[in-house]
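A.B. asks: Here's a structure for you.
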Amino acid sequence: MSIKIAPSVLAADFANLQSEIEMLNASEADFIHVDIMDGVFVPNISFGIPVTEAINKHATKPLDVHLMIVDPDRYLEAFKNAGASIISVHLEACNHLHRTLQAIKELGCKAGVALNPHTSVQLLEDVINDIDLVCLMSVNPGFGGQKFIANTYNKISQLKYLINQKGANTLIEIDGGVNKLNAPLLAEAGADILVAGSFVFSAENPFETIKSLKNI
Ligand code: DX5
Ligand code: ZN
């Protein structure tokens, strides 16, 4: 199975969002990663529901919505209605993660859990069979363009072990600081999906950059 690529529109040109989305539609991207930041869970505000709807209006690829917000249960339905195919919530933002995962699935979305760099994958031991995707943050969430944290490789191994041990079908997504140097190593370590923001959108040719990541 080849690696899946999810370019993050956080690094796109917001004033030309339609053409950025059309470029992603034509590219080898598998998903469009949509970063929602509330200025509370993370120290930055990105965009919200109307912009997600606008992205969805033009996108022909599934939206992978990453909620970096407190108490995400309040907004699951709104993001489903805005076009989300995958909704990922942060473990650190949920008091009742199992309930939240069921709520995402009841909406007909794939359920993802994101973990901050300091959060152990072992905390997912009792819910791994309920999770479609684990998003391992390889930077502290809040900003694009940060440096990749190398401990992520260990976390991929631990998570892969847990998934196999429990007979789960969970996909492993890596988010933050992904580039052409670490992408082959991440794929080799067991990642299924790579999110890439600045590496794609600050490249001279984002379309070709997606292709090169896809074909590592
Ligand atoms: C960080 C976001 C990431 C970000 C990745 O909080 O969750 O998805 O857009 O951007 P890069 O690839 O630039 O690190
Ligand atoms: Zn993200």
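Convention: chains lettered A, B, ... in structure tokens order; per-chain residue numbering from 1; ligands numbered from 1 as shown.
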Could you list the protein, DNA and RNA residues that have any atom within 6 Å of ligand 1, counting only C-alpha atoms and all ligand atoms, and write them as a list in words?

C.D. replies: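 Listed by chain and ascending number, the contacts are Ser8, Leu10, Asp35, Pro141, Gly142, Phe143, Gly144, Gly145, Gln146, Asp175, Gly176, Gly177, Val178, Ala196, Gly197, Ser198 and Phe199 of chain A.
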
A.B. asks: Determine, counting only C-alpha atoms, which protein, DNA and RNA residues have an atom within 8 Å of an atom of Gly83 in chain A; residues of the same chain fewer than 2 positions away are not included. Present the result as an MDAnalysis selection string.

C.D. replies: chainID A and resid 52:53 56 63 79:81 85

A.B. asks: Among range 11-206 of chain A, which ones does DSSP assign to strand (DSSP E or B) (computed from the backbone)? Answer as a VMD selection string.

C.D. replies: chain A and resid 32 to 38 45 63 to 68 84 to 90 110 to 115 133 to 137 171 to 175 193 to 196

A.B. asks: Residues near Gly108 in chain A, anyone? I mean within 10 Å using only C-alpha atoms, not counting same-chain ones fewer than 4 positions away, as a PyMOL selection string.

C.D. replies: chain A and resi 80+84-86+102-104

A.B. asks: I'd like the neighbourhood of Pro7 in chain A as a PyMOL selection string, where a residue qualifies if any of its atoms comes within 10 Å (using only C-alpha atoms), though same-chain residues fewer than 3 positions away should be ignored.

C.D. replies: chain A and resi 4+10-12+24+29-34+64+175+194-201+206+210

A.B. asks: Would you pick out the contacts of Asp73 in chain A at 10 Å or less, using only C-alpha atoms, so that residues sharing its chain but fewer than 6 positions from it are not included, and give the list as a ChimeraX atom specification?

C.D. replies: /A:89,93-94,96-97,99-101,103-104

A.B. asks: Pick the closest to ligand 2 from A:Gln18, A:Ser120, A:Ser138, A:Asn129: which is it, counting only C-alpha atoms and all ligand atoms?

C.D. replies: A:Ser138

A.B. asks: Skip Thr170 in chain A itself and residues of its chain fewer than 5 positions away, then list as a count of residues only all residues within 10 Å of it, counting only C-alpha atoms.

C.D. replies: 15

A.B. asks: Just checking: using only C-alpha atoms and all ligand atoms, which residue out of A:Glu22, A:Ala78, A:Ser88, A:Ala59 ends up closest to ligand 2?

C.D. replies: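 That would be A:Ser88, the residue with the smallest distance to ligand 2.
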
A.B. asks: Quote the spacing between CA of Leu186 in chain A and CA of Tyr153 in chain A in Å to one decimal place.

C.D. replies: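 Pair CA of Leu186 in chain A / CA of Tyr153 in chain A returns 6.9 Å.
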
A.B. asks: Of the candidates A:Ile156, A:Pro62, A:Val51, A:Ala203, which one gets nearest to Ala6 in chain A if we count only C-alpha atoms?

C.D. replies: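 Under the stated criterion, the closest residue is A:Pro62.
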
A.B. asks: From the options A:Met137, A:Ile69, A:Val127, A:Leu115, which residue's atoms come nearest to ligand 2, counting only C-alpha atoms and all ligand atoms?

C.D. replies: A:Met137

A.B. asks: Which is closer to Lys166 in chain A than all the others in A:Asp71, A:Glu188, A:Asp126, A:Glu204, using only C-alpha atoms?

C.D. replies: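 Once distances to Lys166 in chain A are computed over only C-alpha atoms, the minimum belongs to A:Asp126.
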
A.B. asks: Using the chain letters and numbers from this document, which residues of range 21-85 of chain A does DSSP assign to helix (DSSP H, G or I), as a PDB file with N, CA, C and O atoms, in the first residue's frame?

C.D. replies:
ATOM      1  N   ILE A  21      -7.386  24.741  -3.910  1.00  0.00           N
ATOM      2  CA  ILE A  21      -8.150  23.489  -3.802  1.00  0.00           C
ATOM      3  C   ILE A  21      -8.184  22.779  -5.162  1.00  0.00           C
ATOM      4  O   ILE A  21      -8.051  21.551  -5.233  1.00  0.00           O
ATOM      5  N   GLU A  22      -8.320  23.551  -6.226  1.00  0.00           N
ATOM      6  CA  GLU A  22      -8.334  22.937  -7.568  1.00  0.00           C
ATOM      7  C   GLU A  22      -6.989  22.272  -7.874  1.00  0.00           C
ATOM      8  O   GLU A  22      -6.940  21.212  -8.494  1.00  0.00           O
ATOM      9  N   MET A  23      -5.912  22.901  -7.417  1.00  0.00           N
ATOM     10  CA  MET A  23      -4.587  22.286  -7.588  1.00  0.00           C
ATOM     11  C   MET A  23      -4.545  20.955  -6.817  1.00  0.00           C
ATOM     12  O   MET A  23      -4.069  19.937  -7.348  1.00  0.00           O
ATOM     13  N   LEU A  24      -5.081  20.942  -5.592  1.00  0.00           N
ATOM     14  CA  LEU A  24      -5.090  19.692  -4.801  1.00  0.00           C
ATOM     15  C   LEU A  24      -5.965  18.631  -5.469  1.00  0.00           C
ATOM     16  O   LEU A  24      -5.615  17.454  -5.489  1.00  0.00           O
ATOM     17  N   ASN A  25      -7.092  19.057  -6.034  1.00  0.00           N
ATOM     18  CA  ASN A  25      -7.979  18.110  -6.728  1.00  0.00           C
ATOM     19  C   ASN A  25      -7.237  17.401  -7.862  1.00  0.00           C
ATOM     20  O   ASN A  25      -7.410  16.208  -8.074  1.00  0.00           O
ATOM     21  N   ALA A  26      -6.432  18.183  -8.587  1.00  0.00           N
ATOM     22  CA  ALA A  26      -5.722  17.628  -9.747  1.00  0.00           C
ATOM     23  C   ALA A  26      -4.487  16.824  -9.334  1.00  0.00           C
ATOM     24  O   ALA A  26      -3.960  16.050 -10.124  1.00  0.00           O
ATOM     25  N   ILE A  49     -15.969  27.096  10.572  1.00  0.00           N
ATOM     26  CA  ILE A  49     -16.971  26.368   9.787  1.00  0.00           C
ATOM     27  C   ILE A  49     -17.221  26.977   8.395  1.00  0.00           C
ATOM     28  O   ILE A  49     -17.201  26.239   7.407  1.00  0.00           O
ATOM     29  N   PRO A  50     -17.425  28.291   8.257  1.00  0.00           N
ATOM     30  CA  PRO A  50     -17.698  28.828   6.913  1.00  0.00           C
ATOM     31  C   PRO A  50     -16.557  28.576   5.927  1.00  0.00           C
ATOM     32  O   PRO A  50     -16.804  28.285   4.746  1.00  0.00           O
ATOM     33  N   VAL A  51     -15.325  28.672   6.398  1.00  0.00           N
ATOM     34  CA  VAL A  51     -14.182  28.434   5.496  1.00  0.00           C
ATOM     35  C   VAL A  51     -14.104  26.947   5.135  1.00  0.00           C
ATOM     36  O   VAL A  51     -13.816  26.590   3.987  1.00  0.00           O
ATOM     37  N   THR A  52     -14.407  26.085   6.091  1.00  0.00           N
ATOM     38  CA  THR A  52     -14.426  24.643   5.789  1.00  0.00           C
ATOM     39  C   THR A  52     -15.487  24.346   4.730  1.00  0.00           C
ATOM     40  O   THR A  52     -15.253  23.581   3.791  1.00  0.00           O
ATOM     41  N   GLU A  53     -16.640  24.980   4.868  1.00  0.00           N
ATOM     42  CA  GLU A  53     -17.706  24.818   3.851  1.00  0.00           C
ATOM     43  C   GLU A  53     -17.228  25.291   2.485  1.00  0.00           C
ATOM     44  O   GLU A  53     -17.488  24.652   1.462  1.00  0.00           O
ATOM     45  N   ALA A  54     -16.533  26.408   2.474  1.00  0.00           N
ATOM     46  CA  ALA A  54     -16.036  26.966   1.209  1.00  0.00           C
ATOM     47  C   ALA A  54     -15.016  26.021   0.574  1.00  0.00           C
ATOM     48  O   ALA A  54     -15.012  25.822  -0.651  1.00  0.00           O
ATOM     49  N   ILE A  55     -14.158  25.431   1.392  1.00  0.00           N
ATOM     50  CA  ILE A  55     -13.178  24.451   0.884  1.00  0.00           C
ATOM     51  C   ILE A  55     -13.929  23.266   0.286  1.00  0.00           C
ATOM     52  O   ILE A  55     -13.656  22.815  -0.827  1.00  0.00           O
ATOM     53  N   ASN A  56     -14.913  22.802   1.031  1.00  0.00           N
ATOM     54  CA  ASN A  56     -15.670  21.617   0.611  1.00  0.00           C
ATOM     55  C   ASN A  56     -16.433  21.838  -0.697  1.00  0.00           C
ATOM     56  O   ASN A  56     -16.628  20.912  -1.483  1.00  0.00           O
ATOM     57  N   LYS A  57     -16.832  23.073  -0.912  1.00  0.00           N
ATOM     58  CA  LYS A  57     -17.584  23.403  -2.129  1.00  0.00           C
ATOM     59  C   LYS A  57     -16.757  23.106  -3.386  1.00  0.00           C
ATOM     60  O   LYS A  57     -17.285  22.732  -4.418  1.00  0.00           O
ATOM     61  N   HIS A  58     -15.446  23.248  -3.269  1.00  0.00           N
ATOM     62  CA  HIS A  58     -14.581  23.049  -4.434  1.00  0.00           C
ATOM     63  C   HIS A  58     -13.833  21.713  -4.409  1.00  0.00           C
ATOM     64  O   HIS A  58     -13.352  21.250  -5.435  1.00  0.00           O
ATOM     65  N   PRO A  72     -14.588  19.464  21.863  1.00  0.00           N
ATOM     66  CA  PRO A  72     -14.965  19.363  20.449  1.00  0.00           C
ATOM     67  C   PRO A  72     -16.365  18.803  20.208  1.00  0.00           C
ATOM     68  O   PRO A  72     -16.924  19.019  19.130  1.00  0.00           O
ATOM     69  N   ASP A  73     -16.940  18.111  21.184  1.00  0.00           N
ATOM     70  CA  ASP A  73     -18.288  17.517  21.015  1.00  0.00           C
ATOM     71  C   ASP A  73     -19.299  18.551  20.515  1.00  0.00           C
ATOM     72  O   ASP A  73     -20.206  18.230  19.756  1.00  0.00           O
ATOM     73  N   ARG A  74     -19.109  19.803  20.918  1.00  0.00           N
ATOM     74  CA  ARG A  74     -20.061  20.868  20.565  1.00  0.00           C
ATOM     75  C   ARG A  74     -20.119  21.131  19.066  1.00  0.00           C
ATOM     76  O   ARG A  74     -21.085  21.688  18.568  1.00  0.00           O
ATOM     77  N   TYR A  75     -19.050  20.764  18.350  1.00  0.00           N
ATOM     78  CA  TYR A  75     -18.958  21.171  16.942  1.00  0.00           C
ATOM     79  C   TYR A  75     -18.882  20.002  15.958  1.00  0.00           C
ATOM     80  O   TYR A  75     -18.674  20.234  14.771  1.00  0.00           O
ATOM     81  N   LEU A  76     -19.033  18.773  16.443  1.00  0.00           N
ATOM     82  CA  LEU A  76     -18.879  17.611  15.541  1.00  0.00           C
ATOM     83  C   LEU A  76     -19.879  17.680  14.396  1.00  0.00           C
ATOM     84  O   LEU A  76     -19.529  17.504  13.225  1.00  0.00           O
ATOM     85  N   GLU A  77     -21.130  17.931  14.730  1.00  0.00           N
ATOM     86  CA  GLU A  77     -22.178  17.940  13.704  1.00  0.00           C
ATOM     87  C   GLU A  77     -21.954  19.086  12.708  1.00  0.00           C
ATOM     88  O   GLU A  77     -22.144  18.916  11.500  1.00  0.00           O
ATOM     89  N   ALA A  78     -21.537  20.219  13.224  1.00  0.00           N
ATOM     90  CA  ALA A  78     -21.299  21.376  12.339  1.00  0.00           C
ATOM     91  C   ALA A  78     -20.193  21.067  11.325  1.00  0.00           C
ATOM     92  O   ALA A  78     -20.305  21.417  10.147  1.00  0.00           O
ATOM     93  N   PHE A  79     -19.142  20.386  11.786  1.00  0.00           N
ATOM     94  CA  PHE A  79     -18.064  20.062  10.838  1.00  0.00           C
ATOM     95  C   PHE A  79     -18.455  18.935   9.898  1.00  0.00           C
ATOM     96  O   PHE A  79     -18.041  18.932   8.736  1.00  0.00           O
ATOM     97  N   LYS A  80     -19.267  18.018  10.362  1.00  0.00           N
ATOM     98  CA  LYS A  80     -19.814  16.998   9.449  1.00  0.00           C
ATOM     99  C   LYS A  80     -20.623  17.713   8.345  1.00  0.00           C
ATOM    100  O   LYS A  80     -20.439  17.453   7.154  1.00  0.00           O
ATOM    101  N   ASN A  81     -21.482  18.622   8.749  1.00  0.00           N
ATOM    102  CA  ASN A  81     -22.314  19.340   7.781  1.00  0.00           C
ATOM    103  C   ASN A  81     -21.478  20.241   6.867  1.00  0.00           C
ATOM    104  O   ASN A  81     -21.877  20.520   5.737  1.00  0.00           O
TER     105      ASN A  81
END

A.B. asks: Counting only C-alpha atoms, figure out which residue out of A:Glu106, A:Phe41, A:Ser19, A:Ile5 gets nearest to Ala187 in chain A.

C.D. replies: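 Result for the nearest residue to Ala187 in chain A: A:Ile5.
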